[in-house]
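Below is one structure; the comments refer to it alone.
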Amino acid sequence: MVPRHSQDRMGEGIMTTAVLTRLREIREERARRRTLWRELSAYTTAEDLDDIEAAVARSDGAQTDPETQEIRRFLAARRAMSQRA
């Protein structure tokens, strides 16, 4: 039989690993998002934004894919920024 304090430490180790794994995933997601936004920032004109939006609309899963939805949010933000300028 494993002593109780050893079981607690094993549980803590598993929890620590899970937390560290989740933090790594969050960091990777942020880095991916920053890269996407940086790449899309090069497109500034209304024509550019229209072209990207048309390409996104033609892509598979255009309505449900999380990355596609993220691109659409970015395009909407870019349009709003360009209309203010």
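Each chain in the structure tokens gets a letter, A, B, ..., in the order shown, and its residues are numbered from 1; ligands are numbered from 1 in order too.
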Which of chain A DSSP labels alpha helix (DSSP H), written as a PyMOL selection string: chain A and resi 4-40+46-58+66-84
Quick one: residues within 12 Å of A:Arg32, only C-alpha atoms, excluding same-chain residues fewer than 6 positions away - as an NGL selection string? :A and (25-26 or 38-39 or 67 or 70)
Pull N, CA and C atoms from the residues just selected and write them as a compact mmCIF listing (two decimals), in the first residue's frame.
# COMPACT_ATOMS: atom_id res chain seq x y z
N GLU A 25 -0.03 25.27 -24.14
CA GLU A 25 -1.02 25.36 -25.20
C GLU A 25 -1.53 26.78 -25.38
N ILE A 26 -1.77 27.48 -24.28
CA ILE A 26 -2.24 28.87 -24.34
C ILE A 26 -1.19 29.75 -25.00
N ARG A 38 -0.43 39.45 -37.67
CA ARG A 38 0.68 40.17 -38.31
C ARG A 38 0.65 39.95 -39.81
N GLU A 39 0.40 38.71 -40.25
CA GLU A 39 0.35 38.42 -41.68
C GLU A 39 -0.83 39.12 -42.35
N GLU A 67 -10.68 29.03 -36.92
CA GLU A 67 -9.68 29.92 -37.51
C GLU A 67 -10.32 30.83 -38.55
N GLU A 70 -12.04 33.51 -36.77
CA GLU A 70 -11.05 34.47 -36.28
C GLU A 70 -10.60 35.42 -37.39
What is the atom CA of A:Tyr43 to atom CA of A:Ser82 distance in Å? 11.1 Å
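Pairwise distance (atom CA of A:Arg30, atom CA of A:Ala55) equals 23.7 Å.
Atom CA of A:Arg58 is found 13.2 Å from atom CA of A:Ile71.
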Selected residue of minimal separation from A:Arg72 among A:Ala42, A:Glu47, A:Arg22, A:Leu36, counting only C-alpha atoms: A:Leu36
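Minimum atom-to-atom distances from A:Ile14, A:Met81, A:Ala31, A:Leu40 to A:Glu53 were compared using only C-alpha atoms, and the lowest value belongs to A:Leu40.
With only C-alpha atoms as the atoms that count, the minimum distance from A:Thr68 to the choices A:Ala80, A:Arg33, A:Leu20, A:Ala46 is reached by A:Arg33.
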